[in-house]
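Chemist: Input file: target15.txt. Contents: compact mmCIF, C-alpha atoms.
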# COMPACT_ATOMS: atom_id res chain seq x y z
CA MET A 1 0.00 0.00 0.00
CA LYS A 2 2.83 2.36 0.88
CA LYS A 3 4.42 1.83 -2.53
CA LEU A 4 1.10 2.52 -4.27
CA ARG A 5 0.65 5.76 -2.28
CA ASN A 6 4.19 6.85 -3.16
CA LYS A 7 3.56 6.08 -6.83
CA SER A 8 0.29 7.99 -6.79
CA TRP A 9 2.03 11.03 -5.25
CA LYS A 10 4.82 10.88 -7.85
CA ASP A 11 2.27 10.71 -10.67
CA ARG A 12 0.41 13.75 -9.36
CA HIS A 13 3.68 15.62 -8.83
CA ALA A 14 4.89 14.77 -12.35
CA ARG A 15 1.58 16.00 -13.85
CA LYS A 16 1.86 19.22 -11.83
CA LYS A 17 5.43 19.78 -13.05
CA GLY A 18 4.25 19.14 -16.59
CA LEU A 19 1.49 21.73 -16.30
CA ILE A 20 3.95 24.25 -14.87
CA GLU A 21 6.31 23.64 -17.79
CA VAL A 22 3.48 24.05 -20.31
CA TYR A 23 2.47 27.34 -18.66
CA ARG A 24 6.08 28.56 -18.59
CA ARG A 25 6.61 27.77 -22.27
CA SER A 26 3.36 29.46 -23.34
CA ARG A 27 3.90 32.45 -21.05
CA TYR A 28 7.43 33.21 -22.23
CA GLY A 29 7.09 32.00 -25.79
CA ILE A 30 9.36 28.95 -25.39
CA VAL A 31 8.55 26.69 -28.32
CA GLN A 32 10.81 23.75 -27.49
CA THR A 33 13.17 22.77 -24.72
CA SER A 34 16.02 21.99 -27.14
CA PRO A 35 16.07 24.71 -29.85
CA VAL A 36 18.11 24.44 -33.02
CA GLY A 37 21.71 25.27 -32.21
CA SER A 38 21.51 24.19 -28.57
CA ARG A 39 23.82 21.49 -27.27
CA LYS A 40 20.93 19.09 -26.59
CA TYR A 41 19.56 19.52 -30.12
CA THR A 42 23.02 19.08 -31.66
CA VAL A 43 23.78 15.88 -29.72
CA THR A 44 20.37 14.40 -30.62
CA ALA A 45 20.74 15.35 -34.30
CA ASN A 46 24.25 13.89 -34.53
CA ARG A 47 23.09 10.62 -32.99
CA LYS A 48 20.22 10.47 -35.46
CA LEU A 49 22.66 11.11 -38.33
CA ALA A 50 24.91 8.26 -37.16
CA LYS A 51 21.91 5.89 -37.12
CA ASN A 52 20.86 6.92 -40.62
CA VAL A 53 24.41 6.43 -41.92
CA TYR A 54 24.57 2.98 -40.26
CA ARG A 55 21.23 1.98 -41.79
CA GLY A 56 22.28 3.22 -45.23
CA ARG A 57 19.60 5.89 -45.53
CA VAL A 58 20.60 8.55 -48.06
CA LYS A 59 18.71 11.53 -49.46
CA GLU A 60 19.65 11.96 -53.12
CA ILE A 61 19.22 15.48 -54.49
CA ILE A 62 19.75 16.11 -58.21
CA ALA A 63 21.27 19.46 -59.17
CA PRO A 64 19.59 21.53 -61.89
CA SER A 65 21.26 21.56 -65.30
CA ASN A 66 21.81 25.32 -64.96
CA PHE A 67 23.59 25.41 -61.59
CA SER A 68 24.13 29.15 -61.30
CA LEU A 69 22.96 31.73 -58.79
CA TYR A 70 23.66 34.44 -61.35
CA GLN A 71 21.69 32.94 -64.25
CA ASN A 72 19.20 30.66 -62.52
CA PRO A 73 18.81 31.91 -58.91
CA ASN A 74 15.36 30.57 -58.00
CA GLU A 75 15.97 26.95 -59.01
CA THR A 76 19.52 26.96 -57.62
CA LEU A 77 18.48 28.43 -54.26
CA LYS A 78 15.66 25.90 -53.98
CA TYR A 79 18.15 23.08 -54.58
CA ILE A 80 20.49 24.39 -51.85
CA GLU A 81 17.52 24.87 -49.51
CA ASP A 82 16.61 21.20 -50.02
CA ILE A 83 20.16 20.24 -49.00
CA LYS A 84 19.99 22.43 -45.88
CA ILE A 85 16.67 20.88 -44.84
CA ALA A 86 18.02 17.35 -45.33
CA VAL A 87 21.15 18.12 -43.27
CA LYS A 88 19.11 19.70 -40.46
CA ASN A 89 16.90 16.61 -40.47
CA SER A 90 20.04 14.48 -39.92
CA MET A 91 19.81 12.80 -43.31
CA PRO A 92 22.98 11.81 -45.22
CA VAL A 93 22.95 13.62 -48.55
CA ARG A 94 24.14 12.50 -51.96
CA ILE A 95 24.62 15.47 -54.29
CA ASP A 96 24.13 14.37 -57.88
CA MET A 97 25.90 16.88 -60.18
CA GLU A 98 26.13 14.67 -63.28
CA GLN A 99 23.46 16.53 -65.27
CA ILE A 100 24.98 20.01 -64.79
CA GLU A 101 25.60 21.77 -68.12
CA VAL A 102 26.09 25.33 -66.80
CA LEU A 103 28.16 25.84 -63.65
CA SER A 104 29.17 29.07 -61.93
CA ILE A 105 31.55 29.24 -59.00
CA ASP A 106 29.28 31.62 -57.07
CA THR A 107 27.04 28.61 -56.38
CA ILE A 108 29.99 26.52 -55.18
CA MET A 109 31.16 29.33 -52.89
CA TYR A 110 27.70 29.67 -51.36
CA PHE A 111 27.45 25.93 -50.86
CA LEU A 112 30.81 25.90 -49.06
CA ALA A 113 29.66 28.77 -46.81
CA ILE A 114 26.47 26.89 -45.88
CA LEU A 115 28.44 23.77 -44.93
CA LYS A 116 30.84 25.81 -42.79
CA LYS A 117 27.96 27.52 -40.98
CA LEU A 118 26.49 24.13 -40.12
CA LYS A 119 29.89 22.90 -38.90
CA VAL A 120 30.34 25.93 -36.62
CA THR A 121 27.12 25.03 -34.79
CA GLY A 122 28.55 21.54 -34.08
CA LEU A 123 26.01 19.89 -36.38
CA ASN A 124 27.56 16.95 -38.24
CA TYR A 125 26.66 16.20 -41.83
CA SER A 126 27.41 13.49 -44.37
CA CYS A 127 27.69 14.65 -47.99
CA SER A 128 28.77 12.57 -50.95
CA GLY A 129 28.17 13.05 -54.62
CA SER A 130 29.26 12.87 -58.23
CA LEU A 131 31.08 15.31 -60.51
CA PRO A 132 29.46 16.76 -63.65
CA LYS A 133 29.75 14.74 -66.85
CA ASN A 134 30.32 17.97 -68.74
CA GLU A 135 34.12 18.25 -69.02
CA GLU A 136 34.16 22.06 -68.89
CA CYS A 137 32.05 22.14 -65.71
CA LYS A 138 34.15 19.36 -64.18
CA HIS A 139 37.36 21.26 -64.92
CA LEU A 140 36.00 24.49 -63.42
CA LEU A 141 34.88 22.65 -60.29
CA ARG A 142 38.35 21.17 -59.81
CA ALA A 143 40.22 24.37 -60.68
CA SER A 144 38.14 26.45 -58.25
CA GLY A 145 39.59 24.56 -55.28
CA PHE A 146 36.20 23.21 -54.22
CA LEU A 147 37.55 19.69 -53.72
CA ASN A 148 39.96 21.05 -51.10
CA TYR A 149 36.96 21.94 -48.91
CA VAL A 150 35.26 18.54 -49.08
CA LYS A 151 36.32 14.91 -48.86
CA SER A 152 37.26 13.73 -52.30
CA LYS A 153 39.12 10.82 -53.87
CA ASP A 154 39.86 12.94 -56.93
CA ARG A 155 43.66 13.29 -57.00
CA ARG A 156 43.56 15.84 -59.84
CA ALA A 157 42.00 18.52 -57.65
CA ASP A 158 45.22 20.47 -57.17
CA LEU A 159 45.55 22.49 -60.38
CA THR A 160 48.23 24.90 -59.24
CA HIS A 161 49.37 25.35 -62.83
CA GLU A 162 46.03 26.99 -63.79
CA SER A 163 47.17 30.45 -64.87
CA ASN A 164 43.75 31.97 -65.67
CA ILE A 165 42.29 31.48 -62.20
CA VAL A 166 42.78 32.92 -58.72
CA ARG A 167 41.38 30.05 -56.70
CA ILE A 168 38.77 30.49 -53.97
CA ILE A 169 40.25 32.50 -51.09
CA SER A 170 38.40 33.00 -47.80
CA GLY A 171 38.98 35.15 -44.73
CA GLN A 172 37.32 37.05 -41.90
CA ASN A 173 39.05 40.46 -41.83
CA SER A 174 40.25 42.97 -44.41
CA ASP A 175 43.23 41.42 -46.19
CA GLY A 176 45.39 43.85 -48.15
CA GLU A 177 47.68 41.06 -49.32
CA THR A 178 44.79 39.20 -50.99
CA ALA A 179 43.49 42.44 -52.57
CA SER A 180 46.99 43.19 -53.94
CA LYS A 181 47.29 39.64 -55.28
CA ILE A 182 44.01 40.04 -57.17
CA CYS A 183 45.09 43.43 -58.55
CA SER A 184 48.39 41.95 -59.76
CA PHE A 185 46.46 39.16 -61.50
CA VAL A 186 44.27 41.76 -63.28
CA ILE A 187 47.35 43.81 -64.28
CA SER A 188 48.96 40.76 -65.87
CA LYS A 189 45.83 39.69 -67.77
CA LEU A 190 44.52 43.09 -68.95
CA ASN A 191 47.89 44.81 -69.35
CA LEU A 192 47.00 47.63 -66.94
CA THR A 193 49.08 49.85 -64.70
CA ARG A 194 49.04 49.69 -60.93
CA LEU A 195 47.25 53.06 -60.85
CA GLU A 196 44.44 51.72 -63.03
CA THR A 197 43.68 49.01 -60.46
CA PHE A 198 43.60 51.40 -57.50
CA ASP A 199 39.78 51.63 -57.54
CA LEU A 200 39.56 47.84 -57.79
CA TYR A 201 41.69 47.58 -54.65
CA ILE A 202 39.28 49.99 -52.88
CA ILE A 203 36.26 47.91 -53.94
CA ILE A 204 37.72 44.64 -52.62
CA MET A 205 38.86 46.17 -49.31
CA GLU A 206 35.46 47.83 -48.81
CA LEU A 207 33.61 44.54 -49.34
CA MET A 208 35.95 42.76 -46.92
CA SER A 209 35.45 45.38 -44.20
CA ASN A 210 31.65 45.39 -44.65
CA THR A 211 31.61 41.64 -44.09
CA ARG A 212 32.92 42.12 -40.56
CA LEU A 213 31.12 45.35 -39.62
CA HIS A 214 27.61 44.58 -40.86
CA ALA A 215 27.50 40.81 -41.00
CA TYR A 216 25.35 39.99 -37.96
CA ILE A 217 22.98 41.98 -35.81
CA ASN A 218 23.26 41.48 -32.03
CA SER A 219 25.13 38.24 -32.48
CA SER A 220 28.74 37.33 -31.85
CA LYS A 221 28.71 33.52 -31.71
CA PHE A 222 28.97 33.06 -35.49
CA ILE A 223 32.13 33.49 -37.49
CA THR A 224 31.71 35.77 -40.49
CA ASP A 225 33.62 34.80 -43.62
CA TRP A 226 34.11 36.27 -47.05
CA TYR A 227 34.97 34.29 -50.17
CA VAL A 228 36.47 35.64 -53.39
CA PHE A 229 37.09 33.96 -56.72
CA VAL A 230 38.61 35.59 -59.83
CA TYR A 231 39.17 34.17 -63.31
CA TYR A 232 40.18 35.41 -66.73
CA LEU A 233 38.04 34.86 -69.83
CA PRO A 234 40.38 34.86 -72.86
CA GLU A 235 37.56 34.90 -75.42
CA LYS A 236 36.09 38.08 -73.91
CA LYS A 237 39.41 39.56 -72.75
CA SER A 238 37.82 40.26 -69.39
CA VAL A 239 38.31 39.29 -65.75
CA ARG A 240 35.30 38.08 -63.79
CA PHE A 241 35.01 38.65 -60.01
CA ILE A 242 32.79 36.84 -57.54
CA PHE A 243 32.77 38.05 -53.92
CA MET A 244 30.51 36.67 -51.22
CA ASP A 245 30.06 37.31 -47.52
CA THR A 246 28.13 35.03 -45.17
CA GLY A 247 26.48 37.71 -43.05
CA SER A 248 22.84 38.63 -42.61
CA GLY A 249 22.61 40.44 -45.95
CA ILE A 250 22.05 44.03 -47.06
CA PRO A 251 18.22 44.13 -46.62
CA SER A 252 18.59 42.80 -43.06
CA THR A 253 21.38 45.11 -41.89
CA ILE A 254 20.75 48.50 -43.48
CA ARG A 255 19.13 51.30 -41.54
CA LYS A 256 15.41 51.55 -42.39
CA ARG A 257 12.96 54.43 -42.36
CA LEU A 258 10.07 54.44 -39.89
CA LEU A 259 7.44 52.55 -41.93
CA GLU A 260 9.70 50.52 -44.22
CA PRO A 261 9.71 47.27 -42.14
CA THR A 262 5.88 47.32 -42.08
CA LYS A 263 5.70 47.91 -45.83
CA THR A 264 8.04 44.96 -46.37
CA LEU A 265 5.84 42.67 -44.26
CA ILE A 266 2.69 43.53 -46.24
CA GLY A 267 4.45 43.30 -49.59
CA LEU A 268 4.69 47.00 -50.47
CA ASN A 269 8.48 47.00 -50.34
CA THR A 270 11.02 44.46 -51.57
CA HIS A 271 14.54 43.39 -50.70
CA THR A 272 15.56 44.45 -54.20
CA ASN A 273 14.42 48.01 -53.48
CA TYR A 274 16.51 48.04 -50.28
CA ILE A 275 19.60 47.12 -52.30
CA LYS A 276 18.81 49.78 -54.92
CA SER A 277 18.40 52.42 -52.21
CA ALA A 278 21.69 51.44 -50.57
CA MET A 279 23.45 51.60 -53.95
CA LYS A 280 22.13 55.09 -54.72
CA GLY A 281 23.09 56.42 -51.27
CA THR A 282 20.15 58.86 -51.21
CA TYR A 283 19.44 58.06 -47.55
CA LEU A 284 21.81 57.34 -44.69
CA ARG A 285 21.56 53.55 -44.77
CA SER A 286 24.47 52.63 -42.50
CA ARG A 287 23.22 50.76 -39.45
CA THR A 288 25.78 52.64 -37.34
CA GLY A 289 24.17 55.96 -38.23
CA GLU A 290 27.61 57.52 -38.79
CA SER A 291 27.94 59.82 -41.80
CA TYR A 292 31.29 58.39 -42.94
CA ARG A 293 29.86 54.87 -43.09
CA GLY A 294 27.59 53.50 -45.80
CA THR A 295 29.59 55.04 -48.67
CA GLY A 296 30.97 51.75 -50.01
CA LEU A 297 27.97 50.65 -52.11
CA PRO A 298 27.42 54.13 -53.66
CA THR A 299 31.12 54.20 -54.59
CA ILE A 300 30.84 50.79 -56.26
CA ASN A 301 27.69 51.96 -58.04
CA SER A 302 29.40 55.08 -59.38
CA LEU A 303 32.31 52.98 -60.70
CA SER A 304 29.76 50.79 -62.45
CA GLN A 305 28.07 53.84 -64.00
CA GLU A 306 31.45 55.06 -65.23
CA SER A 307 32.08 51.63 -66.87
CA TYR A 308 35.14 51.00 -64.70
CA ILE A 309 33.39 47.73 -63.91
CA LYS A 310 30.47 46.21 -65.81
CA ASP A 311 27.64 43.69 -65.35
CA LEU A 312 27.46 44.50 -61.64
CA THR A 313 25.03 42.10 -59.95
CA ILE A 314 24.15 41.83 -56.26
CA ILE A 315 22.11 39.03 -54.70
CA SER A 316 21.28 39.45 -51.00
CA ASN A 317 18.51 37.69 -49.05
CA ARG A 318 15.66 37.65 -51.59
CA GLY A 319 16.87 40.74 -53.43
CA TYR A 320 18.42 40.59 -56.91
CA TYR A 321 19.97 43.81 -58.20
CA THR A 322 21.42 44.32 -61.68
CA GLU A 323 21.10 46.95 -64.39
CA THR A 324 20.12 44.34 -66.98
CA ARG A 325 18.08 42.06 -64.81
CA ARG A 326 17.17 38.83 -66.52
CA GLY A 327 16.71 35.26 -65.34
CA ASP A 328 15.18 32.09 -66.73
CA GLY A 329 14.62 34.00 -69.98
CA ASP A 330 12.31 36.59 -68.36
CA LYS A 331 12.64 40.13 -67.12
CA TRP A 332 12.04 40.37 -63.37
CA GLY A 333 11.73 44.10 -62.71
CA ASP A 334 11.78 44.83 -58.97
CA ASP A 335 10.34 41.49 -57.84
CA ASP A 336 12.13 39.46 -55.18
CA LEU A 337 13.41 35.92 -55.56
CA ASN A 338 11.31 32.99 -54.37
CA PHE A 339 14.06 31.78 -52.03
CA GLY A 340 16.53 33.76 -49.95
CA LEU A 341 20.32 33.74 -49.98
CA ASP A 342 22.01 33.78 -46.56
CA GLY A 343 24.46 36.62 -47.08
CA THR A 344 25.43 38.77 -50.05
CA LEU A 345 26.89 37.88 -53.43
CA PHE A 346 28.67 40.44 -55.64
CA TYR A 347 29.43 39.78 -59.29
CA TRP A 348 31.19 42.07 -61.77
CA GLU A 349 33.66 42.11 -64.67
CA MET A 350 36.55 44.25 -65.89
CA CYS A 351 37.46 44.43 -69.57
CA LYS A 352 40.63 45.39 -71.34
CA GLY A 353 38.70 47.21 -74.06
CA GLU A 354 37.43 49.88 -71.65
CA TYR A 355 40.98 51.08 -71.04
CA ASN A 356 42.02 50.97 -74.67
CA GLU A 357 39.20 53.41 -75.50
CA SER A 358 40.16 55.84 -72.74
CA ASP A 359 43.77 55.83 -73.90
Will you turn the file into structure tokens for me?
Modeler:
Amino acid sequence: MKKLRNKSWKDRHARKKGLIEVYRRSRYGIVQTSPVGSRKYTVTANRKLAKNVYRGRVKEIIAPSNFSLYQNPNETLKYIEDIKIAVKNSMPVRIDMEQIEVLSIDTIMYFLAILKKLKVTGLNYSCSGSLPKNEECKHLLRASGFLNYVKSKDRRADLTHESNIVRIISGQNSDGETASKICSFVISKLNLTRLETFDLYIIIMELMSNTRLHAYINSSKFITDWYVFVYYLPEKKSVRFIFMDTGSGIPSTIRKRLLEPTKTLIGLNTHTNYIKSAMKGTYLRSRTGESYRGTGLPTINSLSQESYIKDLTIISNRGYYTETRRGDGDKWGDDDLNFGLDGTLFYWEMCKGEYNESD
């Protein structure tokens, strides 16, 4: 009888504790006891991943034939979102790239950044896959240095002899040495003087510094990285630049007017318009509120208008900014993308012909 009474008391006490916990979670808005990113969630997710690997469960995700954020952003971002969901659900992923016919390194850089973000949280993942059958895409994937960031049996990944490429470089702070290296590469390919690449040096340093200063709002536990990739196109006699930071993105970090956040929520304002406004510099958009900040994007915009750089494109969150905005064969106008990019991607080119005309 004594044992039954003790059990009855424990049952009542457990129910009471449960009701208190339910009240506490509803009162303070606590959705779950082990949120994403917490140690308990991470341990549970990693154990689940180990079980799925042991049982041979694999989620196969086929890449689109046009695997480019620049040319095909909506389909490419959806594909990467599917990978993120599978990883967060502790599913081993097999990335099938065999059908890729168009490949741009901006997509590879973004994919690397996503994997690193997951690793920083302590969340394990298992990714395997296949290389594209298209020889040109396969060569670009190897030459970019992508296989140095993932486990690969491909022994031809180290293409140090590739003279038309500055392989993917990453960092966290402003790096004058990297900026100078890129400028020297441009000088050698476009036959320019050091003075003619001075503005290019300013652009790269500004993007690096913005990565650190405006990457995250009220958060210091994440590491902010930038990635840069540069390559020469002999047939166009131009150098193509791809720069990406892994922060919160321009629409999330810029200073907003009083009613702008409300207009965004109800669909009267877009992320693309935020980027346009920051590029024009008509309003003090720096989150710091300091007058000497927030001049980087207007400077880059003015250099684009002067044809110092061309084909400037910026993708940030769901915003897509470019002077000749086209995708999937259609004109988009000021509409946002269907899926968001975690961070900001800059894309531009420099041509030798521009300087020959000015001479």
Chemist: If I take atom CA of A:Phe243 and atom CA of A:Leu345, how far is one from the other in Å, to one decimal?
Modeler: 5.9 Å
Chemist: Grab the atom CA of A:Met244 to atom CA of A:Asn72 distance for me, in Å with one decimal place.
Modeler: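 Between atom CA of A:Met244 and atom CA of A:Asn72 the gap is 17.1 Å.
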Chemist: Show which residues sit within 10 Å of A:Pro64, as a list in words. Count only C-alpha atoms, and ignore same-chain residues fewer than 6 positions away.
Modeler: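 So, after excluding close chain neighbours, the residues are Asn72, Glu75, Thr76, Lys78, Tyr79, Asp96, Met97, Glu98, Gln99, Ile100, Glu101, Val102 and Leu103 of chain A.
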Chemist: Between A:Ile314, A:Met208, A:Ile95, A:Ile309, which residue has the minimum interatomic distance to A:Met279, considering all atoms listed in the file?
Modeler: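 Between A:Ile314, A:Met208, A:Ile95, A:Ile309, the residue approaching A:Met279 most closely is A:Ile314.
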Chemist: Could you check how far atom CA of A:Asn301 sits from atom CA of A:Ile202, in Å to one decimal?
Modeler: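 About the pair atom CA of A:Asn301 and atom CA of A:Ile202: they are 12.8 Å apart.
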Chemist: Please provide as an MDAnalysis selection string all residues within 12 Å of A:Leu233, with the sequence filter that same-chain residues fewer than 2 positions apart are discarded (counting all atoms listed in the file).
Modeler: chainID A and resid 163:165 186 189:190 230:231 235:241 349:352
Chemist: Complete stretch 126-143 of chain A with N, CA and C atoms (output as an mmCIF file, keeping the file's coordinate frame).
Modeler:
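This is the output file out.cif:
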data_model
loop_
_atom_site.group_PDB
_atom_site.id
_atom_site.type_symbol
_atom_site.label_atom_id
_atom_site.label_comp_id
_atom_site.auth_asym_id
_atom_site.auth_seq_id
_atom_site.Cartn_x
_atom_site.Cartn_y
_atom_site.Cartn_z
ATOM 1 N N SER A 126 26.763 14.487 -43.514
ATOM 2 C CA SER A 126 27.410 13.490 -44.370
ATOM 3 C C SER A 126 27.005 13.785 -45.813
ATOM 4 N N CYS A 127 27.956 14.275 -46.593
ATOM 5 C CA CYS A 127 27.690 14.650 -47.990
ATOM 6 C C CYS A 127 28.605 13.863 -48.922
ATOM 7 N N SER A 128 28.020 13.231 -49.884
ATOM 8 C CA SER A 128 28.770 12.570 -50.950
ATOM 9 C C SER A 128 28.144 13.011 -52.267
ATOM 10 N N GLY A 129 28.753 12.629 -53.358
ATOM 11 C CA GLY A 129 28.170 13.050 -54.620
ATOM 12 C C GLY A 129 29.003 12.659 -55.819
ATOM 13 N N SER A 130 28.591 13.178 -56.972
ATOM 14 C CA SER A 130 29.260 12.870 -58.230
ATOM 15 C C SER A 130 29.596 14.160 -58.952
ATOM 16 N N LEU A 131 30.663 14.142 -59.734
ATOM 17 C CA LEU A 131 31.080 15.310 -60.510
ATOM 18 C C LEU A 131 30.270 15.407 -61.792
ATOM 19 N N PRO A 132 30.198 16.599 -62.381
ATOM 20 C CA PRO A 132 29.460 16.760 -63.650
ATOM 21 C C PRO A 132 30.082 15.924 -64.763
ATOM 22 N N LYS A 133 29.249 15.438 -65.669
ATOM 23 C CA LYS A 133 29.750 14.740 -66.850
ATOM 24 C C LYS A 133 30.336 15.722 -67.853
ATOM 25 N N ASN A 134 29.809 16.934 -67.857
ATOM 26 C CA ASN A 134 30.320 17.970 -68.740
ATOM 27 C C ASN A 134 31.766 18.284 -68.373
ATOM 28 N N GLU A 135 32.690 18.114 -69.317
ATOM 29 C CA GLU A 135 34.120 18.250 -69.020
ATOM 30 C C GLU A 135 34.487 19.684 -68.610
ATOM 31 N N GLU A 136 33.857 20.667 -69.230
ATOM 32 C CA GLU A 136 34.160 22.060 -68.890
ATOM 33 C C GLU A 136 33.734 22.384 -67.461
ATOM 34 N N CYS A 137 32.536 21.923 -67.075
ATOM 35 C CA CYS A 137 32.050 22.140 -65.710
ATOM 36 C C CYS A 137 32.911 21.383 -64.702
ATOM 37 N N LYS A 138 33.298 20.174 -65.058
ATOM 38 C CA LYS A 138 34.150 19.360 -64.180
ATOM 39 C C LYS A 138 35.506 20.039 -63.961
ATOM 40 N N HIS A 139 36.066 20.578 -65.022
ATOM 41 C CA HIS A 139 37.360 21.260 -64.920
ATOM 42 C C HIS A 139 37.263 22.494 -64.038
ATOM 43 N N LEU A 140 36.181 23.274 -64.216
ATOM 44 C CA LEU A 140 36.000 24.490 -63.420
ATOM 45 C C LEU A 140 35.814 24.152 -61.952
ATOM 46 N N LEU A 141 35.107 23.066 -61.675
ATOM 47 C CA LEU A 141 34.880 22.650 -60.290
ATOM 48 C C LEU A 141 36.196 22.268 -59.625
ATOM 49 N N ARG A 142 37.051 21.551 -60.352
ATOM 50 C CA ARG A 142 38.350 21.170 -59.810
ATOM 51 C C ARG A 142 39.262 22.378 -59.646
ATOM 52 N N ALA A 143 39.309 23.227 -60.684
ATOM 53 C CA ALA A 143 40.220 24.370 -60.680
ATOM 54 C C ALA A 143 39.853 25.400 -59.621
#
